[in-house]
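Remarks on the structure that follows.
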Amino acid sequence: MTTQTRTARITSVEPLDGFTLRLTFDDGVTREVDLEDELWGPMFEPLRNAPDLFRLVRVDPELGTVVWPNGADLDPDVLRGVQPPAKRG
């Protein structure tokens, strides 16, 4: 028996303060995801070092995920599953 999983698709993105994105998925779920800790490596450090470049994020309708002008993109399933850090009391 094979189990088929559905791939998340992003339909809209809105850059918020800092490195946070408001993402809307094709099933209507909306999430705010802070990517500051994820912006490392050769593709993502330019986004971290140039907030104006980070804010040029858009949805690629073919890929169903967010992309930037420098070619960076993120897996929509990962973005769907990113959880905010637990609050410490």
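Residues in the structure tokens are named by chain (A, B, ... in the order shown) and by number from 1 within that chain; ligands are numbered from 1 in the order shown.
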
Using only C-alpha atoms, which residues sit within 6 Å of segment 54-58 of chain A once same-chain residues fewer than 6 positions away are excluded, as a PDB file with C-alpha atoms, in the first residue's frame?
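Once everything was written out, this is part.pdb:
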```
ATOM      1  CA  PRO A  15       6.838  40.563   4.061  1.00  0.00           C
ATOM      2  CA  LEU A  47      18.886  38.319   1.879  1.00  0.00           C
ATOM      3  CA  VAL A  66       8.403  31.828  -2.190  1.00  0.00           C
ATOM      4  CA  VAL A  67      11.351  32.972  -4.287  1.00  0.00           C
ATOM      5  CA  TRP A  68      13.715  35.940  -4.359  1.00  0.00           C
TER       6      TRP A  68
END
```

Taking the chain letters and numbering used in this document, name the residues of chain A that DSSP puts in helix (DSSP H, G or I), as a PyMOL selection string.
chain A and resi 36-38+45-49+51-54+76-81

Let me see the file: selected residues, N, CA and C atoms, as a PDB file, in the first residue's frame.
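Written out: result-v9.pdb:
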```pdb
ATOM      1  N   GLU A  36      14.604  34.604  10.202  1.00  0.00           N
ATOM      2  CA  GLU A  36      15.916  35.173  10.529  1.00  0.00           C
ATOM      3  C   GLU A  36      16.970  34.099  10.795  1.00  0.00           C
ATOM      4  N   ASP A  37      16.642  33.084  11.570  1.00  0.00           N
ATOM      5  CA  ASP A  37      17.616  32.039  11.896  1.00  0.00           C
ATOM      6  C   ASP A  37      17.874  31.074  10.746  1.00  0.00           C
ATOM      7  N   GLU A  38      17.075  31.150   9.690  1.00  0.00           N
ATOM      8  CA  GLU A  38      17.223  30.247   8.541  1.00  0.00           C
ATOM      9  C   GLU A  38      18.050  30.859   7.416  1.00  0.00           C
ATOM     10  N   GLU A  45      22.366  34.389   2.767  1.00  0.00           N
ATOM     11  CA  GLU A  45      23.053  35.481   3.451  1.00  0.00           C
ATOM     12  C   GLU A  45      22.866  36.821   2.751  1.00  0.00           C
ATOM     13  N   PRO A  46      22.825  36.869   1.402  1.00  0.00           N
ATOM     14  CA  PRO A  46      22.541  38.155   0.768  1.00  0.00           C
ATOM     15  C   PRO A  46      21.176  38.726   1.186  1.00  0.00           C
ATOM     16  N   LEU A  47      20.203  37.857   1.429  1.00  0.00           N
ATOM     17  CA  LEU A  47      18.886  38.319   1.879  1.00  0.00           C
ATOM     18  C   LEU A  47      18.967  38.866   3.295  1.00  0.00           C
ATOM     19  N   ARG A  48      19.771  38.222   4.125  1.00  0.00           N
ATOM     20  CA  ARG A  48      19.944  38.667   5.512  1.00  0.00           C
ATOM     21  C   ARG A  48      20.694  39.999   5.565  1.00  0.00           C
ATOM     22  N   ASN A  49      21.663  40.149   4.663  1.00  0.00           N
ATOM     23  CA  ASN A  49      22.496  41.358   4.663  1.00  0.00           C
ATOM     24  C   ASN A  49      21.845  42.533   3.952  1.00  0.00           C
ATOM     25  N   PRO A  51      18.054  43.736   3.763  1.00  0.00           N
ATOM     26  CA  PRO A  51      16.616  43.595   4.027  1.00  0.00           C
ATOM     27  C   PRO A  51      15.720  44.040   2.870  1.00  0.00           C
ATOM     28  N   ASP A  52      16.180  45.024   2.085  1.00  0.00           N
ATOM     29  CA  ASP A  52      15.371  45.447   0.929  1.00  0.00           C
ATOM     30  C   ASP A  52      15.260  44.319  -0.093  1.00  0.00           C
ATOM     31  N   LEU A  53      16.314  43.524  -0.239  1.00  0.00           N
ATOM     32  CA  LEU A  53      16.269  42.362  -1.131  1.00  0.00           C
ATOM     33  C   LEU A  53      15.329  41.299  -0.562  1.00  0.00           C
ATOM     34  N   PHE A  54      15.384  41.074   0.744  1.00  0.00           N
ATOM     35  CA  PHE A  54      14.486  40.112   1.383  1.00  0.00           C
ATOM     36  C   PHE A  54      13.030  40.471   1.108  1.00  0.00           C
ATOM     37  N   PRO A  76       8.008  24.696   0.356  1.00  0.00           N
ATOM     38  CA  PRO A  76       6.742  25.079   0.982  1.00  0.00           C
ATOM     39  C   PRO A  76       6.303  24.127   2.089  1.00  0.00           C
ATOM     40  N   ASP A  77       6.672  22.844   1.993  1.00  0.00           N
ATOM     41  CA  ASP A  77       6.327  21.906   3.069  1.00  0.00           C
ATOM     42  C   ASP A  77       7.071  22.254   4.354  1.00  0.00           C
ATOM     43  N   VAL A  78       8.318  22.685   4.217  1.00  0.00           N
ATOM     44  CA  VAL A  78       9.092  23.103   5.384  1.00  0.00           C
ATOM     45  C   VAL A  78       8.462  24.367   5.981  1.00  0.00           C
ATOM     46  N   LEU A  79       8.131  25.325   5.123  1.00  0.00           N
ATOM     47  CA  LEU A  79       7.513  26.563   5.616  1.00  0.00           C
ATOM     48  C   LEU A  79       6.182  26.278   6.304  1.00  0.00           C
ATOM     49  N   ARG A  80       5.458  25.339   5.804  1.00  0.00           N
ATOM     50  CA  ARG A  80       4.176  24.973   6.408  1.00  0.00           C
ATOM     51  C   ARG A  80       4.374  24.376   7.796  1.00  0.00           C
ATOM     52  N   GLY A  81       5.493  23.645   7.977  1.00  0.00           N
ATOM     53  CA  GLY A  81       5.733  22.949   9.231  1.00  0.00           C
ATOM     54  C   GLY A  81       6.581  23.694  10.240  1.00  0.00           C
TER      55      GLY A  81
END
```

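The strand (DSSP E or B) portion of segment 22-70 of chain A consists of Arg22, Leu23, Thr24, Phe25, Thr30, Arg31, Glu32, Val33, Asp34, Arg58, Val59, Asp60, Thr65, Val66 and Val67 of chain A, with states taken from DSSP on the backbone.
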
Emit the selected residues as a tab-separated table (two decimals), in the first residue's frame, including C-alpha atoms.
```
chain	number	residue	atom	x	y	z
A	22	ARG	CA	2.94	36.07	6.22
A	23	LEU	CA	2.21	33.08	4.03
A	24	THR	CA	-1.14	31.88	2.73
A	25	PHE	CA	-1.39	28.29	1.57
A	30	THR	CA	-2.18	31.51	6.95
A	31	ARG	CA	1.09	31.46	8.90
A	32	GLU	CA	3.60	34.06	10.00
A	33	VAL	CA	7.10	32.61	9.79
A	34	ASP	CA	10.24	34.32	11.11
A	58	ARG	CA	7.24	36.74	-4.34
A	59	VAL	CA	5.30	33.55	-4.99
A	60	ASP	CA	6.39	31.48	-7.95
A	65	THR	CA	6.62	28.58	-3.01
A	66	VAL	CA	8.40	31.83	-2.19
A	67	VAL	CA	11.35	32.97	-4.29
```

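Between atom CA of Thr11 of chain A and atom CA of Gly64 of chain A the interatomic distance comes to 6.7 Å.
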
Would you pick out the contacts of Met43 of chain A at 9 Å or less, using only C-alpha atoms, so that residues sharing its chain but fewer than 4 positions from it are not included, and give the list as an MDAnalysis selection string?
chainID A and resid 39 47 70:73

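Summary of the local environment: counting only C-alpha atoms, residues at most 8 Å from Asp26 of chain A, other than itself and those fewer than 6 positions away along its chain, are Ala8, Arg9, Ile10 and Thr11 of chain A.
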
Output N, CA and C atoms for every residue in the selection just made, as a compact mmCIF listing (two decimals), in the first residue's frame.
```txt
# COMPACT_ATOMS: atom_id res chain seq x y z
N ALA A 8 2.36 21.04 0.12
CA ALA A 8 1.82 22.38 0.39
C ALA A 8 2.17 23.31 -0.77
N ARG A 9 1.27 24.24 -1.05
CA ARG A 9 1.53 25.26 -2.06
C ARG A 9 1.17 26.61 -1.46
N ILE A 10 2.06 27.56 -1.64
CA ILE A 10 1.84 28.92 -1.16
C ILE A 10 1.16 29.72 -2.26
N THR A 11 0.12 30.47 -1.88
CA THR A 11 -0.60 31.27 -2.87
C THR A 11 -0.34 32.76 -2.72
```
